[in-house]
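Raw contents of run29.tsv, TSV, N, CA and C atoms:
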chain	number	residue	atom	x	y	z
A	7	MET	N	102.79	126.80	114.51
A	7	MET	CA	102.24	125.67	115.24
A	7	MET	C	103.39	124.72	115.55
A	8	ASN	N	103.57	124.34	116.80
A	8	ASN	CA	104.64	123.41	117.14
A	8	ASN	C	104.21	121.96	116.88
A	9	TYR	N	105.18	121.06	116.98
A	9	TYR	CA	104.88	119.68	116.61
A	9	TYR	C	103.81	119.04	117.51
A	10	VAL	N	103.76	119.43	118.78
A	10	VAL	CA	102.74	118.87	119.66
A	10	VAL	C	101.35	119.29	119.18
A	11	SER	N	101.19	120.56	118.86
A	11	SER	CA	99.89	121.05	118.37
A	11	SER	C	99.52	120.40	117.05
A	12	THR	N	100.50	120.23	116.18
A	12	THR	CA	100.25	119.60	114.87
A	12	THR	C	99.80	118.16	115.04
A	13	ILE	N	100.49	117.41	115.88
A	13	ILE	CA	100.14	116.00	116.07
A	13	ILE	C	98.79	115.88	116.79
A	14	ARG	N	98.52	116.77	117.73
A	14	ARG	CA	97.21	116.75	118.40
A	14	ARG	C	96.09	117.09	117.42
A	15	LEU	N	96.33	118.06	116.54
A	15	LEU	CA	95.34	118.38	115.52
A	15	LEU	C	95.07	117.15	114.66
A	16	ALA	N	96.13	116.46	114.25
A	16	ALA	CA	95.96	115.25	113.43
A	16	ALA	C	95.16	114.19	114.20
A	17	ALA	N	95.42	114.06	115.50
A	17	ALA	CA	94.69	113.07	116.29
A	17	ALA	C	93.19	113.41	116.34
A	18	ILE	N	92.88	114.67	116.54
A	18	ILE	CA	91.47	115.09	116.57
A	18	ILE	C	90.81	114.87	115.21
A	19	LEU	N	91.50	115.28	114.15
A	19	LEU	CA	90.95	115.11	112.81
A	19	LEU	C	90.81	113.63	112.45
A	20	GLY	N	91.74	112.80	112.91
A	20	GLY	CA	91.64	111.37	112.66
A	20	GLY	C	90.42	110.77	113.33
A	21	ALA	N	90.21	111.15	114.59
A	21	ALA	CA	89.02	110.67	115.30
A	21	ALA	C	87.74	111.14	114.60
A	22	LEU	N	87.73	112.41	114.18
A	22	LEU	CA	86.56	112.93	113.46
A	22	LEU	C	86.35	112.20	112.14
A	23	SER	N	87.43	111.88	111.45
A	23	SER	CA	87.31	111.16	110.18
A	23	SER	C	86.62	109.82	110.37
A	24	VAL	N	87.05	109.09	111.40
A	24	VAL	CA	86.44	107.79	111.68
A	24	VAL	C	84.97	107.97	112.07
A	25	ALA	N	84.70	108.93	112.95
A	25	ALA	CA	83.32	109.16	113.41
A	25	ALA	C	82.41	109.59	112.26
A	26	ILE	N	82.88	110.52	111.43
A	26	ILE	CA	82.06	110.98	110.31
A	26	ILE	C	81.83	109.85	109.31
A	27	GLY	N	82.89	109.08	109.03
A	27	GLY	CA	82.74	107.95	108.11
A	27	GLY	C	81.75	106.92	108.62
A	28	ALA	N	81.83	106.60	109.90
A	28	ALA	CA	80.90	105.63	110.48
A	28	ALA	C	79.48	106.17	110.49
A	29	PHE	N	79.34	107.45	110.84
A	29	PHE	CA	78.01	108.05	110.86
A	29	PHE	C	77.40	108.05	109.45
A	30	GLY	N	78.24	108.34	108.46
A	30	GLY	CA	77.76	108.32	107.08
A	30	GLY	C	77.33	106.93	106.64
A	31	ALA	N	78.12	105.93	107.03
A	31	ALA	CA	77.82	104.55	106.63
A	31	ALA	C	76.59	103.98	107.32
A	32	HIS	N	76.31	104.47	108.52
A	32	HIS	CA	75.21	103.90	109.29
A	32	HIS	C	74.05	104.88	109.46
A	33	GLY	N	74.31	105.99	110.11
A	33	GLY	CA	73.23	106.92	110.42
A	33	GLY	C	72.70	107.70	109.22
A	34	LEU	N	73.59	108.01	108.28
A	34	LEU	CA	73.17	108.82	107.13
A	34	LEU	C	72.91	108.01	105.87
A	35	ALA	N	73.13	106.73	105.93
A	35	ALA	CA	73.00	105.90	104.72
A	35	ALA	C	71.69	106.12	103.96
A	36	PRO	N	70.54	106.13	104.62
A	36	PRO	CA	69.29	106.33	103.86
A	36	PRO	C	69.24	107.70	103.16
A	37	ILE	N	69.72	108.73	103.83
A	37	ILE	CA	69.72	110.08	103.23
A	37	ILE	C	70.68	110.13	102.05
A	38	LEU	N	71.88	109.59	102.24
A	38	LEU	CA	72.88	109.61	101.16
A	38	LEU	C	72.42	108.81	99.95
A	39	GLU	N	71.77	107.68	100.20
A	39	GLU	CA	71.25	106.87	99.09
A	39	GLU	C	70.11	107.59	98.38
A	40	LYS	N	69.24	108.22	99.15
A	40	LYS	CA	68.11	108.96	98.57
A	40	LYS	C	68.63	110.11	97.70
A	41	MET	N	69.68	110.79	98.17
A	41	MET	CA	70.26	111.92	97.42
A	41	MET	C	71.18	111.45	96.29
A	42	GLY	N	71.52	110.16	96.29
A	42	GLY	CA	72.45	109.65	95.30
A	42	GLY	C	73.86	110.18	95.52
A	43	ARG	N	74.24	110.36	96.79
A	43	ARG	CA	75.52	111.01	97.12
A	43	ARG	C	76.42	110.15	98.00
A	44	VAL	N	76.24	108.85	97.99
A	44	VAL	CA	77.11	107.98	98.79
A	44	VAL	C	78.56	108.15	98.36
A	45	ASP	N	78.83	108.13	97.06
A	45	ASP	CA	80.19	108.26	96.57
A	45	ASP	C	80.79	109.62	96.93
A	46	THR	N	79.99	110.67	96.85
A	46	THR	CA	80.47	112.01	97.19
A	46	THR	C	80.88	112.07	98.65
A	47	PHE	N	80.05	111.52	99.52
A	47	PHE	CA	80.35	111.50	100.96
A	47	PHE	C	81.62	110.71	101.22
A	48	GLU	N	81.76	109.56	100.57
A	48	GLU	CA	82.96	108.73	100.75
A	48	GLU	C	84.21	109.45	100.27
A	49	THR	N	84.10	110.21	99.19
A	49	THR	CA	85.24	111.00	98.71
A	49	THR	C	85.64	112.04	99.75
A	50	ALA	N	84.66	112.69	100.36
A	50	ALA	CA	84.95	113.69	101.39
A	50	ALA	C	85.68	113.06	102.56
A	51	VAL	N	85.23	111.89	102.99
A	51	VAL	CA	85.88	111.21	104.12
A	51	VAL	C	87.30	110.80	103.74
A	52	LYS	N	87.49	110.25	102.55
A	52	LYS	CA	88.82	109.82	102.11
A	52	LYS	C	89.80	110.99	102.09
A	53	TYR	N	89.39	112.10	101.49
A	53	TYR	CA	90.30	113.24	101.40
A	53	TYR	C	90.57	113.84	102.78
A	54	GLN	N	89.58	113.81	103.66
A	54	GLN	CA	89.83	114.28	105.02
A	54	GLN	C	90.87	113.38	105.69
A	55	PHE	N	90.71	112.07	105.52
A	55	PHE	CA	91.64	111.15	106.16
A	55	PHE	C	93.04	111.27	105.55
A	56	TYR	N	93.14	111.34	104.23
A	56	TYR	CA	94.46	111.47	103.59
A	56	TYR	C	95.20	112.68	104.13
A	57	HIS	N	94.49	113.79	104.24
A	57	HIS	CA	95.15	115.02	104.65
A	57	HIS	C	95.33	115.12	106.15
A	58	THR	N	94.56	114.35	106.91
A	58	THR	CA	94.83	114.19	108.33
A	58	THR	C	96.15	113.46	108.51
A	59	LEU	N	96.37	112.42	107.73
A	59	LEU	CA	97.65	111.70	107.78
A	59	LEU	C	98.81	112.60	107.33
A	60	ALA	N	98.55	113.46	106.35
A	60	ALA	CA	99.58	114.41	105.92
A	60	ALA	C	99.94	115.36	107.06
A	61	ILE	N	98.94	115.85	107.77
A	61	ILE	CA	99.19	116.74	108.91
A	61	ILE	C	100.01	116.00	109.97
A	62	PHE	N	99.68	114.76	110.24
A	62	PHE	CA	100.45	113.96	111.19
A	62	PHE	C	101.91	113.83	110.74
A	63	MET	N	102.09	113.56	109.44
A	63	MET	CA	103.44	113.44	108.89
A	63	MET	C	104.22	114.74	109.06
A	64	VAL	N	103.56	115.86	108.83
A	64	VAL	CA	104.23	117.16	109.01
A	64	VAL	C	104.63	117.33	110.47
A	65	GLY	N	103.79	116.90	111.39
A	65	GLY	CA	104.14	116.96	112.81
A	65	GLY	C	105.42	116.18	113.11
A	66	LEU	N	105.53	115.01	112.52
A	66	LEU	CA	106.75	114.22	112.70
A	66	LEU	C	107.96	114.92	112.07
A	67	LEU	N	107.75	115.54	110.92
A	67	LEU	CA	108.84	116.30	110.30
A	67	LEU	C	109.25	117.49	111.15
A	68	GLN	N	108.27	118.11	111.82
A	68	GLN	CA	108.59	119.23	112.71
A	68	GLN	C	109.47	118.78	113.87
A	69	VAL	N	109.27	117.55	114.33
A	69	VAL	CA	110.14	117.01	115.39
A	69	VAL	C	111.56	116.93	114.87
A	70	LYS	N	111.72	116.42	113.66
A	70	LYS	CA	113.04	116.19	113.08
A	70	LYS	C	113.70	117.48	112.58
A	71	LEU	N	112.94	118.33	111.90
A	71	LEU	CA	113.51	119.49	111.23
A	71	LEU	C	113.33	120.79	112.00
A	72	GLY	N	112.51	120.79	113.02
A	72	GLY	CA	112.24	122.01	113.77
A	72	GLY	C	111.12	122.81	113.13
A	73	GLN	N	110.89	123.96	113.71
A	73	GLN	CA	109.83	124.85	113.22
A	73	GLN	C	110.27	125.53	111.94
A	74	LYS	N	109.57	125.29	110.90
A	74	LYS	CA	109.81	125.95	109.62
A	74	LYS	C	108.51	126.57	109.17
A	75	LYS	N	108.61	127.78	108.66
A	75	LYS	CA	107.40	128.49	108.23
A	75	LYS	C	106.64	127.70	107.17
A	76	ALA	N	107.35	127.10	106.23
A	76	ALA	CA	106.68	126.37	105.16
A	76	ALA	C	105.93	125.15	105.71
A	77	LEU	N	106.50	124.48	106.70
A	77	LEU	CA	105.81	123.33	107.29
A	77	LEU	C	104.56	123.78	108.04
A	78	ASN	N	104.68	124.85	108.80
A	78	ASN	CA	103.51	125.38	109.50
A	78	ASN	C	102.43	125.79	108.51
A	79	ALA	N	102.85	126.44	107.44
A	79	ALA	CA	101.88	126.88	106.42
A	79	ALA	C	101.23	125.68	105.73
A	80	SER	N	101.99	124.59	105.56
A	80	SER	CA	101.40	123.41	104.91
A	80	SER	C	100.29	122.81	105.79
A	81	VAL	N	100.50	122.80	107.11
A	81	VAL	CA	99.46	122.32	108.02
A	81	VAL	C	98.20	123.18	107.87
A	82	ASN	N	98.39	124.48	107.84
A	82	ASN	CA	97.24	125.39	107.69
A	82	ASN	C	96.53	125.17	106.36
A	83	ALA	N	97.29	124.98	105.30
A	83	ALA	CA	96.69	124.75	103.98
A	83	ALA	C	95.91	123.43	103.96
A	84	PHE	N	96.49	122.38	104.56
A	84	PHE	CA	95.78	121.09	104.63
A	84	PHE	C	94.48	121.24	105.43
A	85	LEU	N	94.54	121.96	106.54
A	85	LEU	CA	93.34	122.15	107.37
A	85	LEU	C	92.27	122.94	106.61
A	86	ILE	N	92.68	124.00	105.93
A	86	ILE	CA	91.74	124.78	105.12
A	86	ILE	C	91.14	123.89	104.03
A	87	GLY	N	91.97	123.06	103.41
A	87	GLY	CA	91.47	122.14	102.39
A	87	GLY	C	90.44	121.18	102.94
A	88	ILE	N	90.70	120.63	104.13
A	88	ILE	CA	89.73	119.72	104.76
A	88	ILE	C	88.41	120.43	105.00
A	89	ILE	N	88.50	121.64	105.55
A	89	ILE	CA	87.27	122.38	105.88
A	89	ILE	C	86.48	122.70	104.61
A	90	ILE	N	87.16	123.21	103.59
A	90	ILE	CA	86.45	123.65	102.38
A	90	ILE	C	86.09	122.47	101.47
A	91	PHE	N	87.06	121.61	101.17
A	91	PHE	CA	86.82	120.50	100.24
A	91	PHE	C	85.86	119.48	100.87
A	92	SER	N	86.31	118.88	101.96
A	92	SER	CA	85.49	117.84	102.58
A	92	SER	C	84.21	118.43	103.16
A	93	GLY	N	84.32	119.57	103.81
A	93	GLY	CA	83.14	120.21	104.40
A	93	GLY	C	82.06	120.49	103.38
A	94	SER	N	82.45	121.04	102.24
A	94	SER	CA	81.44	121.35	101.22
A	94	SER	C	80.81	120.08	100.67
A	95	LEU	N	81.61	119.01	100.53
A	95	LEU	CA	81.05	117.75	100.04
A	95	LEU	C	80.14	117.10	101.08
A	96	PHE	N	80.49	117.24	102.37
A	96	PHE	CA	79.60	116.70	103.40
A	96	PHE	C	78.25	117.40	103.36
A	97	VAL	N	78.27	118.71	103.27
A	97	VAL	CA	77.00	119.46	103.24
A	97	VAL	C	76.23	119.16	101.96
A	98	LEU	N	76.92	119.15	100.82
A	98	LEU	CA	76.29	118.83	99.54
A	98	LEU	C	75.63	117.45	99.59
A	99	SER	N	76.34	116.48	100.17
A	99	SER	CA	75.83	115.11	100.23
A	99	SER	C	74.57	114.96	101.07
A	100	THR	N	74.47	115.75	102.12
A	100	THR	CA	73.37	115.59	103.05
A	100	THR	C	72.21	116.55	102.82
A	101	THR	N	72.46	117.65	102.11
A	101	THR	CA	71.40	118.65	101.92
A	101	THR	C	70.96	118.79	100.48
A	102	GLY	N	71.82	118.41	99.54
A	102	GLY	CA	71.49	118.60	98.14
A	102	GLY	C	71.74	120.02	97.65
A	103	ILE	N	72.37	120.85	98.46
A	103	ILE	CA	72.68	122.23	98.03
A	103	ILE	C	73.83	122.14	97.02
A	104	THR	N	73.49	122.19	95.76
A	104	THR	CA	74.46	121.91	94.70
A	104	THR	C	75.46	123.04	94.45
A	105	TRP	N	75.12	124.28	94.79
A	105	TRP	CA	76.07	125.37	94.53
A	105	TRP	C	77.34	125.21	95.36
A	106	LEU	N	77.29	124.39	96.41
A	106	LEU	CA	78.50	124.15	97.20
A	106	LEU	C	79.59	123.46	96.39
A	107	GLY	N	79.17	122.75	95.36
A	107	GLY	CA	80.15	122.12	94.47
A	107	GLY	C	81.06	123.13	93.81
A	108	ALA	N	80.62	124.38	93.74
A	108	ALA	CA	81.45	125.44	93.13
A	108	ALA	C	82.61	125.85	94.02
A	109	ILE	N	82.49	125.66	95.35
A	109	ILE	CA	83.60	126.05	96.22
A	109	ILE	C	84.52	124.87	96.55
A	110	THR	N	84.09	123.68	96.26
A	110	THR	CA	84.90	122.50	96.54
A	110	THR	C	86.30	122.60	95.92
A	111	PRO	N	86.44	123.06	94.67
A	111	PRO	CA	87.78	123.15	94.09
A	111	PRO	C	88.73	124.09	94.85
A	112	ILE	N	88.18	125.06	95.57
A	112	ILE	CA	89.04	125.94	96.36
A	112	ILE	C	89.75	125.10	97.44
A	113	GLY	N	89.03	124.18	98.02
A	113	GLY	CA	89.65	123.26	98.98
A	113	GLY	C	90.69	122.38	98.32
A	114	GLY	N	90.41	121.95	97.10
A	114	GLY	CA	91.40	121.16	96.36
A	114	GLY	C	92.67	121.94	96.09
A	115	VAL	N	92.53	123.21	95.78
A	115	VAL	CA	93.70	124.07	95.58
A	115	VAL	C	94.48	124.20	96.89
A	116	ALA	N	93.77	124.33	98.01
A	116	ALA	CA	94.44	124.41	99.31
A	116	ALA	C	95.25	123.13	99.58
A	117	PHE	N	94.70	121.98	99.20
A	117	PHE	CA	95.46	120.73	99.35
A	117	PHE	C	96.74	120.78	98.52
A	118	ILE	N	96.63	121.21	97.28
A	118	ILE	CA	97.81	121.29	96.40
A	118	ILE	C	98.84	122.24	96.98
A	119	VAL	N	98.38	123.39	97.46
A	119	VAL	CA	99.29	124.36	98.09
A	119	VAL	C	99.98	123.73	99.30
A	120	GLY	N	99.23	122.98	100.10
A	120	GLY	CA	99.81	122.31	101.26
A	120	GLY	C	100.93	121.36	100.87
A	121	TRP	N	100.72	120.60	99.82
A	121	TRP	CA	101.76	119.67	99.36
A	121	TRP	C	102.98	120.42	98.83
A	122	MET	N	102.76	121.51	98.14
A	122	MET	CA	103.90	122.30	97.64
A	122	MET	C	104.66	122.95	98.79
A	123	LEU	N	103.95	123.42	99.81
A	123	LEU	CA	104.61	123.99	100.99
A	123	LEU	C	105.40	122.91	101.73
A	124	LEU	N	104.88	121.71	101.77
A	124	LEU	CA	105.62	120.60	102.37
A	124	LEU	C	106.91	120.37	101.61
A	125	PHE	N	106.84	120.39	100.30
A	125	PHE	CA	108.03	120.26	99.46
A	125	PHE	C	109.07	121.32	99.84
A	126	LEU	N	108.61	122.55	99.96
A	126	LEU	CA	109.53	123.64	100.30
A	126	LEU	C	110.06	123.52	101.73
A	127	GLY	N	109.26	122.97	102.61
A	127	GLY	CA	109.66	122.87	104.01
A	127	GLY	C	110.72	121.84	104.29
A	128	VAL	N	110.94	120.91	103.37
A	128	VAL	CA	111.95	119.88	103.58
A	128	VAL	C	113.16	120.04	102.67
A	129	LYS	N	113.29	121.21	102.07
A	129	LYS	CA	114.45	121.41	101.21
A	129	LYS	C	115.72	121.37	102.06
A	130	PRO	N	116.78	120.83	101.48
A	130	PRO	CA	118.02	120.71	102.25
A	130	PRO	C	118.67	122.07	102.47
A	131	ASN	N	119.37	122.16	103.57
A	131	ASN	CA	120.16	123.37	103.83
A	131	ASN	C	121.52	123.17	103.16
A	132	ILE	N	121.73	123.93	102.11
A	132	ILE	CA	122.98	123.80	101.36
A	132	ILE	C	123.93	124.90	101.84
A	133	LYS	N	125.06	124.47	102.35
A	133	LYS	CA	126.06	125.43	102.81
A	133	LYS	C	127.25	125.34	101.87
A	134	THR	N	127.68	126.47	101.43
A	134	THR	CA	128.83	126.50	100.54
A	134	THR	C	130.10	126.70	101.34
A	135	LYS	N	131.16	126.13	100.83
A	135	LYS	CA	132.47	126.29	101.50
A	135	LYS	C	133.09	127.58	101.00
A	136	ALA	N	133.64	128.34	101.91
A	136	ALA	CA	134.27	129.61	101.53
A	136	ALA	C	135.73	129.44	101.26

Represent the structure of the file as structure tokens.
Amino acid sequence: MNYVSTIRLAAILGALSVAIGAFGAHGLAPILEKMGRVDTFETAVKYQFYHTLAIFMVGLLQVKLGQKKALNASVNAFLIGIIIFSGSLFVLSTTGITWLGAITPIGGVAFIVGWMLLFLGVKPNIKTKA
């Protein structure tokens, strides 16, 4: 994924984060309160937003450092984390399907992998003198 695609993905996810958060606060408030899942929904929105900002940051790093496999993989891991972690919490919060809580940690692992790949993607190029 090139930096333009990465930054555009972050822009779309950022807009979705705001829209989902607003919809949760206003349109879904009665359902979330009835289910006792306001905090769960807010956690999903927060983690989506944090990792949207991480994707944006990786896009900026791609401008500076160029295309690196580890940076591209970190974007994919962050996106998978958003879909699985936040997605499962959104569905759990609005439907009460509790078994989805069992897959939420898989999204959390994807977030961790994304951060580790980011670490690897910015390692310095060490050249030895011959």

Near segment 41-54 of chain A, within 7 Å and counting all atoms listed in the file, which residues show up once chain neighbours fewer than 2 positions away are dropped, as a PyMOL selection string? chain A and resi 19+23+26-27+36-39+56-59+88+91-93+95-96+98-100+102

Identify all residues of segment 13-136 of chain A in helix (DSSP H, G or I) (DSSP on the backbone) and supply them as a ChimeraX atom specification. /A:13-32,35-41,44-71,75-101,104-108,110-127

Lys74 of chain A: which residues within 10 Å, counting only C-alpha atoms, same-chain residues fewer than 4 positions away excluded, as a PyMOL selection string? chain A and resi 7-8+67-68+78-80+124+126-128

Of the candidates A:Ile13, A:Val97, A:Ile109, A:Ala31, which one gets nearest to Val64 of chain A if we count only N, CA and C atoms?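 Answer, going by the shortest atom-to-atom distance: A:Ile13.
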
Of A:Val10, A:Leu77, A:Ala21, A:Phe84, the one sitting nearest Gly120 of chain A when using all atoms listed in the file is A:Phe84

Residue nearest Ile118 of chain A among A:Ile61, A:Ala83, A:Leu106, A:Leu22 (counting only C-alpha atoms):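 Comparing A:Ile61, A:Ala83, A:Leu106, A:Leu22 against Ile118 of chain A, the winner is A:Ala83.
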
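Residue nearest Val119 of chain A, chosen from A:Met63, A:Val81, A:Leu71, A:Ala17 and counting only N, CA and C atoms: A:Val81.
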
One decimal, Å: what's the distance from atom C of Tyr9 of chain A over to atom C of Gly72 of chain A, could you say?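 Atom C of Gly72 of chain A lies at a distance of 9.3 Å from atom C of Tyr9 of chain A.
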